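K.L.:
Would you mind keeping the following structure in view while I ask a few things?
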Amino acid sequence: MAESNTHAELEKGSSLWADAFQRLRKNKAALISGAILILITLTALFYEVVAQYGTGFVMEEQHTWVVPKPPGARSVPSHFFELSQAGLLAWEHVDANEDGFVEPNEIVAAYRDLEFETIDTDKSGALSYEEYVDAPLSLTSPNRFIPDCARWAMIKRSMAPIEDSSVFECDAGADQLMQPAETGKLVELVSSGEAQEMINRVDKDSDGLISKAEYVGLPEPRTHILGSDKLGRDLLTRTVYGARISLAVGLLATLVSFLIGVTWGATAGFLRGKVHNVMMRLVDILYGLPFMFLVILLMVVFGQKIYLLFLALGAIQWLTMARIVRGQVISLKNQEFVEAAETIGVSNSGIIFRHLIPNALGPIIVYATLTVPAVMLEEAFLSFLGLGVQAPQTSWGALISEGRQLMETSPWLIIWPSVALAVTLLCLNFLGDGLRDALDPQLRKD
Amino acid sequence: MTRFILRRLLASIAVLLVIITLSLWLTRQAPSNPCLKEREANTCACVKDNFLDRPVFPVYSGQVLSPVQNCAFWEPESVVSLGPVSILGPSEWGETQYSLYLGTLASGSLGKSMKTDLTVIETLKSGLPFTIQLGFQALLISLILGIPAGLIAGLRQNTMVDYSTMSVAMVGVSVPSIVLGPLMIMLFSLRLGWFSAVGWESFADSILPSFTLGLYYAAYVARLTRGGMLEVIRKDYIRTARAKGLTETMVVMRHALKGALLPVVSYLGPATAALLTGSVVVEEIFSLPGIGTHFVRSALNRDYNLVLGTIILYSTILVFLNMIVDVLYTLIDPRVSYDD
Amino acid sequence: MMTNGFRYLCALALLAFVVGCDSKKPDGTTTAPKQVEEFVAGSSASEFTAALTADPETMDPAKMSGAVEGEIAMNLFEGLLMPGPTTEGLADTSKLLNFGVAESYTTSEDGRTYTFKLRSDAKWTNGDPVTSEDFAFSWRRVLTNGFPADYASMMWVIDGAEAYNKAPAGEGDWETVGVKTPDAQTLIVTLVNPTPYFPELTAFYTFFPVPKKAVEEKGDEWTKPENIVSNGPYRLASYQPQQEIKFELNEHYWDKAAVNLKSIRFRIISDSNARVNAYKTGELHWAGSGLPVAQITALLTHPDFKQEPLLGTYYYRVNVSKQDSPTTNALVRQALSLAIDRNSLVNNTLNGLYKPAESFVPPMPGYESTTKTAYNIKRAKDLLAEAGYPNGKDFPAVELLYNTDENHKLVAETVQAMWKQNLNVDVKLNNKEWKTYLQDVDTMAYQIARAGWIGDFNDPMTFLDMWTAENGNNDTGWADAEYDGLIKSAQQEVDKTKRVAILQQAETILLERGPIIPIYYYSSNLLISRFVKGFEPHNRDVHLFKYMSLPSK
């Protein structure tokens, strides 16, 4: 890897990059990876927009039941991005008792009707077993132990349902169809607390009710595309938010490692002699230290502050960078343009930062690209151990850690953050490989 | 050579001292202390004393237990006797907690755990075999799977074999253990019931954790080996060997292999470090009784002595392993000078 | 290197396969057969196996303070009396206990002197008899100044014990302490006050005997597996840290014929999810309590799931010592308390896993709170206005501290929303890591903090005496002379009915102007094989293996 591209250098300084770009363009995998990465980064950057127009949920809002809901389940967003007065959310329908005011229980009922209508795909006014089972209402019973109806009745009051036939029969009765009245809380989209909250939002005269004049509509239910977690939070929104933290940690920590490593390596390579020996020996020795342990200790001691995470993870990644830079600098140092600079009296730091580093940039960039996934992995490890980002913030590592707890009953909770993390790491690795191939022509001589 | 080893040895000891000092200082900066429990404890392994205006820790029969939060670290302190328990307080005789801890170390002890009745050495002793075995098996897996895969891919460059092996390797380095581990438990323990879900009772229980830990490194080793092979196979001496009419197998085994494995050997040091530290996560996933689990928990419990003991143990292992790898490297590759 | 990009894509496809193969719902098909296909707890364990959540901090009952340690002590050692199998449906506290080392006891008229008659066949695991001298020795050890016994203060009910405990070691006079041993089979204990719950205290591990001879010989080393001598139904067979603890039947135990489970294995599994997983793969008979709510949720329909009321309260502790905080005003505290809809919190937010707490002392045999803090927005608003914050006007934002945990967060957010909605009061949430949280509480560096209290015995005193001004568990700065006086007179009251009335009166004060906002009563949600006999609900989650049996199938 090191001590390469001197030829290209001498022939034409700028064409190295043009050449490299040409080569990179031919590498479809790297290009696709780059495109995916840009997409992921943009999504993460514009999380707020994604939340408002895409998922409809904000990462912290919790809904109704403390059970994870499968992909496709619906909840009512607790903000008023998008209001509706149509259909079942029209004033006439919501104000069921026609007293001119909307109470919490009327809102609950309106949403219940709405959800029932959605589940009742053949619009027969009652749920058949197929409709019931196909509806993404709750997690399934993991052990397939079927409770008797008495036990079910007891659990049902506080729990979202468990989908299987005998439970259906408990509720459906002899006709094998579940009438709206029999569903109970099964199809309730909002709790009375949430309904009260909705009222408070538009309740100008503080009487705890919505009058017709105050009524601006109610939020449309939105689908949890990737399901929701155990606190009823939208997984997609959280995954997008997690991308923001994971990528930020990956990039910023890499930046830190880049700064330390380049300075250290360039200085060592430039100064040579005793200083060089000491500096590089130190790198050799530090190479084998249990840095992760020190980071864990650091996180415990100083609390899980996110900037500390950048610094700590960056500070343990600079060693290889320093080695690479040193190698590059040594090979470049003896070349004429450096001697020329020395002759005209450019200072040491001037030579390092103005002449040596820019010329050694290729391998440095390649290595930096490969550092990002390494740092992201470490962040994920820390978050997994509960020592990374602190709630309410979240990252992919933290999401995976949470998902692991429920992986059997709600596999979506671990699968989607895992996919996000693995795909990003894969893309970063492909891009890093691609860049290396492009910038390091020696390895491609074949 | 001897001089080289000696110099590395001295440097390693210096590094260990720095690490010990740094961790000792760090643990002491942590808020709270090991004595605090949810309900008022009469005393625990430590005594809270108002006249010193801070928590202090006892010394049982002369053996120092731990440093003290927010206590003077470098400044002199003394031992105040309170019945059967002695506590550490400011002194006039020039002993500091730092020197006390170093003294404890020098006497071959790591103190007592501040949470349990066990000494730190006893605790580590119970966990070390598991961590070592896990690390060793993972290393074995990574080498056994990684090297042949890399060699084959390198020898059959740009063929389907190469592409598929390297694609798998690419996935391998992109799927972290925190994803792989839980998925393996889900599939092999909970669904198929082939392995137990937690703990380490027999060799069978070590299979899933070893693979979880080892696969990433297997993939990495495969990539390294392939790169090394590609570099070596074009070298003149290989051409010469071929020209001499040696069979391809002979060329590979006798000449190319050594050169191709150089990057792998130099990776062994960092890999061992990574395997040992990486085992923290795997131990957590599979609830294994190794040292890693101790470490995280003791840091959260402020079990200072155990935290320090773990760090010291790990650092010692790694610093010396690294030294050995360096020495090995100079033996394999004569181009690397050891009197640099 | 490789240029053909499409080759790479197969890697992606592979990844999708790896993670995708599990994303299908197991019950996605429309014809779910009515088969019962479920795990059997302990099916792959060779002997009765229970889970421990952590390594015991110590095996020395005198030093113990946690639940894990309790589990060890209760089966390895035996006190004068022992907890009975259940607390369910008992109106009378005397039925809570069974005889242990004592075969009978008498109480004096004034309720201050207990005379225990020890059974002659009580033996240590080494065959030595358990004598009253062992008890005196153990108690003296606990009360020695500087001895790291967390619960030494529980013994202060004994006459002269507090003074002895506080005197520098060597200076106290043991003769002044009310523990007398006229002969090897008799133990006479004199108390400071009539303490109706004293019999239950003797069933608490701090009061358990330790073997005098072994402790004197081995010192601190006596609890090592090779040295330990105990007097309970079981003896410690082996201990591997972080892995397992094994108990075997104590051949010298006086009641060994009644013990069904001859050997017990504890697996030490600290990760609660791993514990549930081990339970599901049949490695455990008893998964212990403290299981993650999310996992429990999925197992609620399982016949192995048990919910037992627990003698404990989850509450918010309010710091009243900060002059600039509105919470120093008792009216504000009461308003905050009244504005929490505990029913909705428990049933909607917490899936009904706990019971709403409308008082501080949970219901227990022999005591029922008379005052209830019912949800009452109107009154809460009035009180807040009376305190000078009509409709939350000018109410400074208060901070609610809790230790980092999903459940605490959930409760805190719900309460935050209720206060905002009902009182227009802003609350900031602040979560800290456990030990830092403890320090903040201990140094009173908080305004409102989440807290939990588990009672040590079935008497309201365990919940009420902690709020006296001097108590180390108070940590709120609250001091109320009337309250302290009531507690004191309850301690001295001989008549049980009157005593309860006084305590009820004290609790009323606590709820009206005390530094607490009760949230819910704990319950213990646990998984135990339904084939295990003799596992009854116990409100302190004390389940002795002695009472259990596992019929072979």
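Each chain in the structure tokens gets a letter, A, B, ..., in the order shown, and its residues are numbered from 1; ligands are numbered from 1 in order too.
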Got a sec to pull out which chain C residues are within 6 Å of chain B, counting only C-alpha atoms, and send them as a list in words?
P.N.:
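Result, ordered by chain then number: Tyr8, Ala11, Glu57, Thr58, Gly146, Pro148, Asp150, Ala169, Gln242, Gln243, Ala278, Lys435, Thr436, Gln439, Gly472 and Asn473 of chain C.
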K.L.:
Could you go through range 130-368 of chain A and tell me which residues DSSP, when run on the backbone, assigns to alpha helix (DSSP H), listing them as a VMD selection string?
P.N.:
chain A and resid 130 to 134 149 to 156 165 to 172 180 to 183 192 to 202 235 to 271 273 to 287 291 to 302 306 to 315 318 to 333 336 to 343 348 to 350 357 to 359 361 to 368
K.L.:
Select from chain A every residue with an atom at most 9 Å from any atom of chain B, then for each give the shortest pair of atoms and their distance in Å to one decimal, using only C-alpha atoms, rows by chain and rising number, as a Markdown table.
P.N.:
| residue | atom | partner | partner_atom | distance |
| --- | --- | --- | --- | --- |
| A:Asn277 | CA | B:Asp340 | CA | 7.4 |
| A:Arg281 | CA | B:Ala11 | CA | 8.8 |
| A:Leu282 | CA | B:Ala11 | CA | 8.7 |
| A:Asp284 | CA | B:Asn322 | CA | 8.5 |
| A:Ile285 | CA | B:Val319 | CA | 6.9 |
| A:Leu286 | CA | B:Val15 | CA | 8.1 |
| A:Tyr287 | CA | B:Pro270 | CA | 6.4 |
| A:Gly288 | CA | B:Leu318 | CA | 5.3 |
| A:Leu289 | CA | B:Ser315 | CA | 5.7 |
| A:Pro290 | CA | B:Ser315 | CA | 6.1 |
| A:Phe291 | CA | B:Thr277 | CA | 8.2 |
| A:Met292 | CA | B:Thr277 | CA | 6.4 |
| A:Phe293 | CA | B:Ile311 | CA | 7.0 |
| A:Leu294 | CA | B:Ser23 | CA | 7.4 |
| A:Ile296 | CA | B:Val296 | CA | 7.4 |
| A:Leu297 | CA | B:Ala299 | CA | 6.5 |
| A:Leu298 | CA | B:Leu26 | CA | 7.2 |
| A:Val300 | CA | B:Leu300 | CA | 6.6 |
| A:Val301 | CA | B:Ala30 | CA | 4.1 |
| A:Phe302 | CA | B:Ala30 | CA | 6.7 |
| A:Gly303 | CA | B:Ala30 | CA | 8.7 |
| A:Pro373 | CA | B:Ser174 | CA | 8.2 |
| A:Leu377 | CA | B:Pro176 | CA | 6.9 |
| A:Ala380 | CA | B:Ile178 | CA | 7.9 |
| A:Phe381 | CA | B:Val281 | CA | 6.6 |
| A:Leu382 | CA | B:Val281 | CA | 8.6 |
| A:Phe384 | CA | B:Ile178 | CA | 7.3 |
| A:Leu385 | CA | B:Val281 | CA | 7.0 |
| A:Gly397 | CA | B:Ile178 | CA | 8.0 |
| A:Ile400 | CA | B:Val179 | CA | 7.3 |
| A:Ser401 | CA | B:Ile178 | CA | 7.8 |
| A:Arg404 | CA | B:Pro182 | CA | 6.3 |
| A:Met407 | CA | B:Met186 | CA | 7.2 |
| A:Glu408 | CA | B:Met186 | CA | 6.6 |
| A:Ile414 | CA | B:Val179 | CA | 7.9 |
| A:Ile415 | CA | B:Val179 | CA | 8.4 |
| A:Ser418 | CA | B:Val179 | CA | 6.0 |
| A:Val419 | CA | B:Val179 | CA | 8.9 |
| A:Leu421 | CA | B:Val175 | CA | 8.0 |
| A:Ala422 | CA | B:Val175 | CA | 5.2 |
| A:Val423 | CA | B:Ser174 | CA | 7.5 |
| A:Thr424 | CA | B:Ser174 | CA | 8.2 |
| A:Leu425 | CA | B:Ser174 | CA | 5.1 |
| A:Leu426 | CA | B:Ser174 | CA | 5.0 |
| A:Cys427 | CA | B:Ser174 | CA | 8.7 |
| A:Leu428 | CA | B:Ser174 | CA | 8.9 |
| A:Asn429 | CA | B:Met170 | CA | 7.5 |
| A:Phe430 | CA | B:Met170 | CA | 8.0 |
| A:Leu443 | CA | B:Glu231 | CA | 7.6 |
K.L.:
Find the residues around Thr115 in chain C up to 8 Å (only C-alpha atoms counted), leave out those fewer than 5 positions away in its own chain, and share them as a PyMOL selection string.
P.N.:
chain C and resi 105-107+186-189
K.L.:
Just to be explicit: take each residue in the selection above, keep C-alpha atoms, and write the result as a compact mmCIF listing (two decimals), in the first residue's frame.
P.N.:
# COMPACT_ATOMS: atom_id res chain seq x y z
CA TYR C 105 -40.98 -18.84 72.07
CA THR C 106 -42.81 -16.85 74.69
CA THR C 107 -43.40 -13.14 74.98
CA THR C 186 -32.39 -20.83 75.64
CA LEU C 187 -32.05 -17.34 74.23
CA ILE C 188 -33.62 -14.40 76.04
CA VAL C 189 -33.90 -11.17 74.12
K.L.:
Identify, on the basis of only C-alpha atoms, every residue whose closest approach to Leu401 in chain C does not exceed 8 Å; exclude the query and any residue fewer than 6 positions from it along the same chain; express the result as a list in words.
P.N.:
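The residues satisfying every condition are Leu429, Asn430, Asn431, Lys432, Tyr437, Tyr446, Gln447, Ile448, Ala449 and Arg450 of chain C.
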